[in-house]
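Just data08.cif here, mmCIF, C-alpha atoms:
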```cif
data_my_file
loop_
_atom_site.label_atom_id
_atom_site.label_comp_id
_atom_site.auth_asym_id
_atom_site.auth_seq_id
_atom_site.Cartn_x
_atom_site.Cartn_y
_atom_site.Cartn_z
CA MET A 1 0.00 0.00 0.00
CA ASN A 2 2.88 2.37 0.78
CA ALA A 3 4.31 1.93 -2.72
CA VAL A 4 0.91 2.48 -4.36
CA LEU A 5 0.27 5.67 -2.39
CA PHE A 6 3.78 6.92 -3.12
CA LEU A 7 3.44 6.22 -6.85
CA THR A 8 0.00 7.85 -6.99
CA SER A 9 1.23 10.95 -5.18
CA GLN A 10 4.19 11.42 -7.51
CA ALA A 11 2.10 10.78 -10.62
CA ILE A 12 -0.43 13.46 -9.66
CA THR A 13 2.19 16.10 -8.85
CA LEU A 14 4.22 15.21 -11.95
CA PHE A 15 1.16 15.60 -14.16
CA GLY A 16 0.40 19.03 -12.72
CA SER A 17 4.03 20.14 -13.00
CA THR A 18 4.38 18.93 -16.60
CA VAL A 19 1.13 20.58 -17.70
CA ILE A 20 2.16 23.89 -16.15
CA GLN A 21 5.67 23.77 -17.63
CA MET A 22 4.23 23.08 -21.10
CA ALA A 23 1.66 25.85 -20.64
CA ILE A 24 4.41 28.33 -19.73
CA VAL A 25 6.51 27.35 -22.76
CA TRP A 26 3.58 27.46 -25.15
CA TYR A 27 2.25 30.75 -23.80
CA ILE A 28 5.62 32.46 -24.16
CA THR A 29 6.13 30.89 -27.61
CA VAL A 30 2.77 32.08 -28.95
CA GLN A 31 3.05 35.54 -27.42
CA THR A 32 6.66 36.29 -28.39
CA LEU A 33 7.50 34.06 -31.42
CA SER A 34 11.07 34.53 -30.20
CA GLY A 35 13.89 32.00 -30.27
CA GLU A 36 15.63 34.01 -27.55
CA TRP A 37 12.68 33.58 -25.19
CA MET A 38 12.51 29.87 -26.02
CA ALA A 39 16.18 29.58 -25.05
CA LEU A 40 15.47 31.40 -21.78
CA CYS A 41 12.62 28.94 -21.11
CA SER A 42 14.99 26.00 -21.56
CA ILE A 43 17.66 27.57 -19.34
CA SER A 44 15.18 28.34 -16.57
CA ALA A 45 13.78 24.80 -16.74
CA TYR A 46 17.09 22.91 -16.57
CA LEU A 47 19.95 25.06 -15.24
CA PRO A 48 18.71 25.41 -11.62
CA GLN A 49 18.02 21.66 -11.45
CA PHE A 50 21.53 20.97 -12.74
CA ILE A 51 23.06 23.24 -10.07
CA VAL A 52 20.89 22.18 -7.14
CA SER A 53 20.44 18.41 -7.64
CA PHE A 54 23.73 17.20 -6.15
CA GLY A 55 23.28 19.41 -3.09
CA GLY A 56 19.67 18.20 -2.91
CA GLY A 57 21.07 14.68 -2.82
CA VAL A 58 23.09 15.61 0.28
CA TRP A 59 19.91 16.73 2.03
CA ALA A 60 18.19 13.48 0.99
CA ASP A 61 20.97 11.54 2.73
CA TYR A 62 20.74 13.44 6.02
CA TYR A 63 17.20 14.73 6.40
CA ASN A 64 13.71 13.25 6.35
CA ARG A 65 13.04 12.42 2.69
CA LYS A 66 9.28 12.55 3.08
CA PHE A 67 9.60 16.05 4.52
CA LEU A 68 11.81 17.15 1.61
CA ILE A 69 9.38 15.81 -1.01
CA ILE A 70 6.34 17.42 0.62
CA THR A 71 8.14 20.71 1.31
CA ALA A 72 9.36 21.03 -2.28
CA ASP A 73 5.81 20.55 -3.61
CA ALA A 74 4.35 22.94 -1.03
CA VAL A 75 6.88 25.72 -1.62
CA ILE A 76 6.40 25.52 -5.40
CA ALA A 77 2.62 25.71 -4.94
CA VAL A 78 2.94 28.77 -2.68
CA ILE A 79 5.26 30.50 -5.17
CA THR A 80 2.80 29.74 -7.97
CA LEU A 81 -0.04 31.23 -5.89
CA ILE A 82 2.01 34.38 -5.26
CA ALA A 83 2.74 34.62 -8.99
CA ILE A 84 -0.98 34.35 -9.80
CA ILE A 85 -1.72 37.21 -7.41
CA PHE A 86 1.02 39.37 -8.95
CA MET A 87 -0.18 38.47 -12.43
CA SER A 88 -3.54 40.10 -11.75
CA TYR A 89 -1.73 43.45 -11.37
CA LEU A 90 0.36 43.11 -14.54
CA ASN A 91 -0.60 44.00 -18.05
CA GLU A 92 -0.08 41.61 -20.97
CA ASP A 93 3.48 42.78 -21.49
CA ILE A 94 7.04 41.55 -21.05
CA SER A 95 6.76 41.63 -17.24
CA VAL A 96 4.42 38.62 -17.43
CA PHE A 97 7.07 36.66 -19.34
CA TYR A 98 9.71 37.43 -16.72
CA LEU A 99 7.29 36.34 -14.00
CA LEU A 100 6.72 33.04 -15.81
CA LEU A 101 10.47 32.52 -16.09
CA CYS A 102 10.76 33.04 -12.32
CA ILE A 103 8.08 30.39 -11.77
CA SER A 104 10.00 28.04 -14.04
CA LEU A 105 13.25 28.75 -12.16
CA PHE A 106 11.74 27.96 -8.76
CA ARG A 107 10.07 24.84 -10.15
CA SER A 108 13.45 23.66 -11.43
CA VAL A 109 15.04 24.26 -8.02
CA GLY A 110 12.25 22.25 -6.41
CA THR A 111 12.78 19.43 -8.88
CA GLY A 112 16.50 19.41 -8.07
CA ILE A 113 15.72 18.98 -4.37
CA GLN A 114 12.86 16.55 -4.79
CA THR A 115 14.11 14.11 -7.45
CA PRO A 116 17.07 12.63 -5.49
CA ALA A 117 14.82 12.19 -2.45
CA VAL A 118 12.14 10.43 -4.52
CA ASN A 119 14.55 7.97 -6.14
CA ALA A 120 16.32 7.24 -2.85
CA THR A 121 12.99 6.71 -1.06
CA VAL A 122 11.92 3.92 -3.42
CA VAL A 123 14.38 1.45 -1.87
CA GLN A 124 12.91 2.15 1.57
CA ILE A 125 9.34 1.23 0.61
CA VAL A 126 9.81 -1.38 -2.15
CA SER A 127 11.49 -4.76 -1.65
CA LYS A 128 14.56 -5.41 -3.81
CA GLU A 129 12.91 -8.21 -5.78
CA ARG A 130 10.14 -5.80 -6.84
CA LEU A 131 12.29 -2.76 -7.63
CA THR A 132 12.42 -3.40 -11.38
CA ARG A 133 8.65 -3.87 -11.61
CA PHE A 134 8.03 -0.71 -9.57
CA ASN A 135 10.45 1.34 -11.69
CA GLY A 136 8.88 -0.08 -14.86
CA ILE A 137 5.41 1.01 -13.77
CA ASN A 138 6.81 4.41 -12.78
CA MET A 139 8.47 4.84 -16.18
CA ALA A 140 5.26 3.83 -17.96
CA ILE A 141 3.28 6.41 -15.96
CA GLN A 142 5.88 9.12 -16.63
CA SER A 143 5.78 8.38 -20.37
CA ALA A 144 1.98 8.52 -20.38
CA ILE A 145 2.12 11.86 -18.55
CA GLN A 146 4.70 13.25 -20.98
CA PHE A 147 2.32 12.32 -23.80
CA THR A 148 -0.93 13.58 -22.28
CA ALA A 149 0.33 16.71 -20.49
CA PRO A 150 1.06 18.76 -23.67
CA ILE A 151 -2.42 17.89 -24.97
CA ALA A 152 -3.97 18.90 -21.67
CA ALA A 153 -1.96 22.14 -21.59
CA GLY A 154 -3.09 23.07 -25.11
CA ILE A 155 -6.76 22.35 -24.37
CA ILE A 156 -6.72 24.24 -21.07
CA LEU A 157 -4.98 27.27 -22.60
CA LEU A 158 -7.54 27.25 -25.40
CA PHE A 159 -10.48 27.68 -23.04
CA PHE A 160 -9.04 29.29 -19.90
CA SER A 161 -6.74 32.14 -18.93
CA LEU A 162 -3.14 31.52 -17.89
CA PRO A 163 -3.76 32.22 -14.16
CA THR A 164 -6.53 29.60 -14.21
CA VAL A 165 -4.11 27.12 -15.74
CA LEU A 166 -1.55 27.84 -13.01
CA PHE A 167 -4.17 27.00 -10.37
CA LEU A 168 -3.97 23.41 -11.65
CA ASP A 169 -0.46 23.20 -10.20
CA ILE A 170 -1.73 24.24 -6.78
CA LEU A 171 -4.61 21.75 -6.95
CA THR A 172 -2.42 18.79 -7.94
CA ALA A 173 0.15 19.77 -5.29
CA ILE A 174 -2.52 19.76 -2.56
CA ILE A 175 -3.81 16.35 -3.66
CA GLY A 176 -0.30 14.91 -4.04
CA ILE A 177 0.82 16.21 -0.64
CA GLY A 178 -2.33 14.82 0.99
CA ILE A 179 -1.61 11.35 -0.39
CA MET A 180 2.12 11.59 0.36
CA TYR A 181 1.35 12.47 3.96
CA LYS A 182 -0.17 9.00 4.39
CA VAL A 183 2.98 7.24 3.12
CA SER A 184 5.08 5.69 5.88
CA ILE A 185 8.82 6.04 5.16
CA PRO A 186 11.40 4.60 7.61
CA GLN A 187 14.03 6.96 8.95
CA ILE A 188 17.38 6.57 7.17
CA GLN A 189 20.47 5.48 9.07
CA VAL A 190 23.17 8.13 8.74
CA LYS A 191 26.64 6.54 8.70
CA GLU A 192 28.65 9.72 8.15
CA LYS A 193 29.28 12.63 10.46
CA ARG A 194 27.41 15.69 9.20
CA SER A 195 29.68 18.42 7.83
CA SER A 196 29.28 21.17 5.26
CA VAL A 197 27.22 20.57 2.12
CA TRP A 198 30.35 21.08 0.03
CA GLN A 199 32.28 18.45 2.02
CA ASP A 200 29.35 16.04 1.80
CA MET A 201 29.25 16.55 -1.96
CA GLN A 202 32.96 15.79 -2.13
CA ASN A 203 32.37 12.63 -0.11
CA GLY A 204 29.67 11.65 -2.58
CA LEU A 205 32.00 12.13 -5.54
CA LYS A 206 34.72 10.19 -3.73
CA TYR A 207 32.29 7.30 -3.22
CA VAL A 208 31.35 7.28 -6.91
CA PHE A 209 34.95 7.37 -8.15
CA GLU A 210 36.07 4.68 -5.72
CA ASN A 211 33.13 2.40 -6.53
CA LYS A 212 34.14 1.37 -10.06
CA PHE A 213 30.83 -0.33 -10.82
CA VAL A 214 28.70 2.69 -9.83
CA PHE A 215 31.08 5.01 -11.71
CA ARG A 216 30.80 2.88 -14.85
CA ILE A 217 27.00 2.84 -14.68
CA LEU A 218 26.86 6.62 -14.23
CA PHE A 219 29.29 7.09 -17.12
CA VAL A 220 27.13 4.87 -19.33
CA TYR A 221 24.05 6.81 -18.25
CA GLY A 222 25.65 10.17 -19.09
CA ILE A 223 26.74 9.04 -22.56
CA PHE A 224 23.34 7.44 -23.11
CA ILE A 225 21.47 10.68 -22.30
CA PHE A 226 23.80 12.72 -24.51
CA LEU A 227 23.61 10.37 -27.52
CA CYS A 228 19.88 9.72 -27.34
CA ILE A 229 19.27 13.36 -28.26
CA PRO A 230 19.74 13.07 -32.08
CA PRO A 231 17.46 10.04 -32.63
CA GLY A 232 15.06 10.87 -29.80
CA PHE A 233 14.72 14.55 -28.92
CA MET A 234 15.50 15.71 -32.47
CA ALA A 235 13.14 13.22 -34.10
CA GLY A 236 10.74 15.99 -35.12
CA LEU A 237 13.45 17.83 -37.02
CA PHE A 238 14.58 14.60 -38.72
CA VAL A 239 11.04 13.71 -39.79
CA SER A 240 10.41 17.22 -41.14
CA ARG A 241 13.61 17.14 -43.19
CA THR A 242 13.44 13.52 -44.36
CA PHE A 243 9.77 12.69 -44.87
CA GLU A 244 7.28 15.55 -44.71
CA ASN A 245 7.12 18.84 -42.86
CA SER A 246 3.59 18.48 -41.52
CA TYR A 247 1.88 18.45 -38.12
CA GLU A 248 0.39 15.07 -38.99
CA TYR A 249 3.79 13.41 -39.35
CA LEU A 250 5.14 15.11 -36.24
CA THR A 251 2.10 14.00 -34.24
CA PHE A 252 2.47 10.38 -35.37
CA THR A 253 6.15 10.50 -34.42
CA GLU A 254 5.48 11.85 -30.92
CA ILE A 255 2.62 9.42 -30.26
CA THR A 256 4.68 6.44 -31.43
CA GLY A 257 7.72 7.41 -29.35
CA PHE A 258 5.76 7.88 -26.13
CA ALA A 259 3.71 4.73 -26.82
CA GLY A 260 6.95 2.77 -27.12
CA MET A 261 8.23 4.21 -23.84
CA SER A 262 4.97 3.32 -22.10
CA PHE A 263 5.03 -0.23 -23.52
CA GLY A 264 8.64 -0.56 -22.39
CA GLY A 265 7.68 0.42 -18.86
CA LEU A 266 4.77 -2.03 -18.83
CA LEU A 267 7.07 -4.76 -20.15
CA MET A 268 9.52 -4.14 -17.32
CA SER A 269 6.69 -4.16 -14.77
CA ILE A 270 5.58 -7.60 -16.01
CA TRP A 271 8.98 -9.08 -16.77
CA GLY A 272 10.89 -7.44 -13.94
CA GLY A 273 12.04 -10.42 -11.95
CA PHE A 274 15.17 -11.14 -13.97
CA SER A 275 18.41 -11.41 -12.03
CA ARG A 276 20.99 -10.59 -14.70
CA LYS A 277 20.33 -6.87 -14.96
CA ALA A 278 23.72 -6.10 -16.54
CA LYS A 279 22.83 -8.42 -19.43
CA MET A 280 19.44 -6.73 -19.79
CA LEU A 281 21.14 -3.31 -19.83
CA ARG A 282 23.55 -4.45 -22.56
CA THR A 283 20.66 -5.83 -24.59
CA GLY A 284 18.68 -2.62 -24.17
CA LEU A 285 21.62 -0.48 -25.30
CA ILE A 286 22.24 -2.69 -28.35
CA ILE A 287 18.57 -2.60 -29.41
CA PHE A 288 18.40 1.14 -28.73
CA GLY A 289 21.52 1.82 -30.80
CA ALA A 290 20.45 -0.54 -33.61
CA MET A 291 17.06 1.15 -33.90
CA ALA A 292 18.77 4.54 -34.07
CA VAL A 293 20.98 3.35 -36.94
CA ILE A 294 18.02 1.91 -38.87
CA MET A 295 15.89 5.02 -38.21
CA GLY A 296 18.70 7.17 -39.57
CA ILE A 297 18.87 5.34 -42.90
CA THR A 298 15.26 4.37 -43.57
CA ASN A 299 13.33 6.27 -46.24
CA ASN A 300 9.89 4.82 -45.45
CA PHE A 301 7.90 6.68 -42.80
CA ARG A 302 5.80 3.67 -41.80
CA TYR A 303 8.91 1.60 -41.18
CA TYR A 304 10.38 4.55 -39.31
CA LEU A 305 7.40 4.54 -36.93
CA VAL A 306 7.83 0.82 -36.26
CA PHE A 307 11.49 1.36 -35.42
CA MET A 308 10.59 4.40 -33.31
CA LEU A 309 8.18 2.23 -31.30
CA ILE A 310 10.93 -0.29 -30.53
CA PHE A 311 13.36 2.58 -29.92
CA GLY A 312 11.03 4.01 -27.26
CA MET A 313 10.65 0.63 -25.60
CA ALA A 314 14.43 0.17 -25.47
CA MET A 315 14.88 3.67 -24.02
CA THR A 316 12.59 2.89 -21.10
CA ILE A 317 14.26 -0.49 -20.54
CA VAL A 318 17.69 1.15 -20.31
CA GLN A 319 16.50 3.88 -17.94
CA THR A 320 14.58 1.43 -15.74
CA VAL A 321 17.48 -1.02 -15.44
CA ILE A 322 20.01 1.73 -14.68
CA THR A 323 17.77 3.17 -11.96
CA THR A 324 17.23 -0.27 -10.44
CA ILE A 325 20.93 -1.17 -10.54
CA LEU A 326 21.87 2.05 -8.75
CA GLN A 327 19.16 1.48 -6.13
CA GLU A 328 20.42 -2.04 -5.51
CA LYS A 329 24.18 -1.48 -5.67
CA THR A 330 24.44 1.86 -3.89
CA GLU A 331 24.48 1.93 -0.11
CA GLU A 332 21.39 3.51 1.36
CA TYR A 333 23.20 6.23 3.32
CA ILE A 334 24.56 7.80 0.11
CA GLN A 335 21.79 7.12 -2.41
CA GLY A 336 20.56 10.70 -2.27
CA ARG A 337 23.88 12.01 -3.58
CA VAL A 338 24.15 9.32 -6.23
CA PHE A 339 20.69 10.11 -7.57
CA GLY A 340 21.40 13.80 -7.18
CA LEU A 341 24.31 13.24 -9.55
CA VAL A 342 21.99 11.33 -11.90
CA SER A 343 19.56 14.27 -11.90
CA SER A 344 22.41 16.73 -12.53
CA LEU A 345 23.69 14.64 -15.44
CA TYR A 346 20.25 14.64 -17.04
CA ALA A 347 19.54 18.33 -16.47
CA GLY A 348 23.01 19.33 -17.67
CA LEU A 349 23.63 17.02 -20.62
CA LEU A 350 20.19 17.41 -22.17
CA PRO A 351 20.41 21.15 -22.99
CA ILE A 352 24.13 20.84 -23.83
CA GLY A 353 23.37 17.99 -26.23
CA MET A 354 20.49 19.92 -27.80
CA ALA A 355 22.81 22.87 -28.40
CA VAL A 356 25.71 20.77 -29.74
CA PHE A 357 23.69 18.53 -32.02
CA GLY A 358 21.37 21.36 -33.02
CA LEU A 359 24.32 23.34 -34.38
CA MET A 360 25.83 20.23 -35.96
CA ALA A 361 22.54 19.43 -37.72
CA ASP A 362 22.83 22.68 -39.68
CA VAL A 363 26.26 21.67 -41.00
CA VAL A 364 26.24 17.85 -41.09
CA SER A 365 23.46 15.54 -42.25
CA LEU A 366 21.18 14.78 -39.28
CA SER A 367 20.83 11.25 -40.64
CA SER A 368 24.60 10.74 -40.31
CA ILE A 369 24.55 12.11 -36.75
CA ILE A 370 21.75 9.70 -35.78
CA VAL A 371 23.54 6.71 -37.33
CA PHE A 372 26.81 7.64 -35.61
CA SER A 373 25.03 8.03 -32.26
CA GLY A 374 23.46 4.60 -32.65
CA ILE A 375 26.80 2.95 -33.40
CA ILE A 376 28.44 4.54 -30.36
CA LEU A 377 25.54 3.43 -28.16
CA MET A 378 25.97 -0.16 -29.31
CA VAL A 379 29.70 0.03 -28.60
CA LEU A 380 28.84 1.55 -25.20
CA SER A 381 27.11 -1.69 -24.24
CA CYS A 382 30.55 -3.32 -23.99
CA MET A 383 31.25 -1.21 -20.89
CA VAL A 384 28.45 -2.92 -18.96
CA LYS A 385 29.79 -5.97 -17.11
#
```
Could you show the structure in this file as structure tokens?
Amino acid sequence: MNAVLFLTSQAITLFGSTVIQMAIVWYITVQTLSGEWMALCSISAYLPQFIVSFGGGVWADYYNRKFLIITADAVIAVITLIAIIFMSYLNEDISVFYLLLCISLFRSVGTGIQTPAVNATVVQIVSKERLTRFNGINMAIQSAIQFTAPIAAGIILLFFSLPTVLFLDILTAIIGIGIMYKVSIPQIQVKEKRSSVWQDMQNGLKYVFENKFVFRILFVYGIFIFLCIPPGFMAGLFVSRTFENSYEYLTFTEITGFAGMSFGGLLMSIWGGFSRKAKMLRTGLIIFGAMAVIMGITNNFRYYLVFMLIFGMAMTIVQTVITTILQEKTEEYIQGRVFGLVSSLYAGLLPIGMAVFGLMADVVSLSSIIVFSGIILMVLSCMVK
């Protein structure tokens, strides 16, 4: 019951957060039609999380994780409420955009504090033999939310004002906190003497570098996130250039990708009792890389969608297995910092990769970049032992 309540709480708050973030991005996009403002949206959404996550992991190792999760949601909700009040005194001018960027910044800080605590908490409420299944279900839910949230944001913005949309974040936070309050989480056993946050971060890095297995998994994860950008996050650009520049094709691509990720999560939730997780990770990376290579060279859109479906499934398998391995192989007293580092890697490498590959795609064939990424990902599987 604890695990169900925990999963439900996080799903509700994640849905509200994703809808609001999409609404902010879309509102600013439609109102400004500015690439500069889009860049500012991306920076505000990822940079604070990148900076804060590792330090947030330190807090997750020393303080009550349930308190951290609830407090992060509550503070974000309060800040959103304050922003709504201020918004009523502002005209439809640039000041509203800056206010929305501030909301996005604070939300990113909250995510940086909350995410390490959430991932570290899972081990405390889920038995080890069920970790993979739990993470698979969680990944499936996250994929479904990533698919439905943009649709929900568009519909809500179409019929309601922006302040009304922002109230959704407060509502989902209240519901999520109410459910989370009922979750019973054991107190963690602190094995280190508390010092400064900076020293605790150094201790976390020392642990990672000395634990060769954990270091290798984190290295694989970082390269994986970076190289999945061309075939995954830049799929819309590839489809527009290669097949047809239409909303219909882009919609089919997005639906297929998220469907594959959801199916992958459901597969892991059903078939999650396997013991050789390193072998499963290698297999997932090989399939993921192979699909990227084939997607990069195919000239048939229907075949491309089939490969994209498998690609999405493999992506979720890789992420689920890596999360489970780290939960199993990392000692409980330092899991917050390890997952804080995971969160920082994601929040940092994603925008860097988008910038690097985005610039490269204007000079080099995007198809070649996707094929190259797929080959490297298959080679990367050799590092998993």
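Across A:Gln124, A:Gln10, A:Tyr249, A:Asn138, the tightest approach to Ala235 in chain A is made by A:Tyr249 when counting only C-alpha atoms.
On the file presented, the PyMOL selection byres ((chain A and resi 284-297) around 7) picks out Pro231, Met280, Leu281, Arg282, Thr283, Thr298, Asn299, Tyr304, Phe307, Phe311, Ala314, Met315, Ile317, Val318, Ser367, Ser368, Ile370, Val371, Gly374, Ile375, Leu377, Met378 and Ser381 of chain A.
Here the PyMOL selection byres ((chain A and resi 201-207) around 9) captures the residues Phe54, Gly55, Gly57, Val58, Ser196, Val197, Trp198, Gln199, Asp200, Val208, Phe209, Glu210, Asn211, Val214, Phe215, Ile334, Arg337, Val338 and Leu341 of chain A.
With all atoms listed in the file as the atoms that count, the minimum distance from Val379 in chain A to the choices A:Val78, A:Ile223, A:Ile270, A:Ile20 is reached by A:Ile223.
Proximity to Thr324 in chain A was assessed for A:Thr148, A:Ser127, A:Ser143, A:Thr242 counting all atoms listed in the file; the smallest distance is recorded for A:Ser127.
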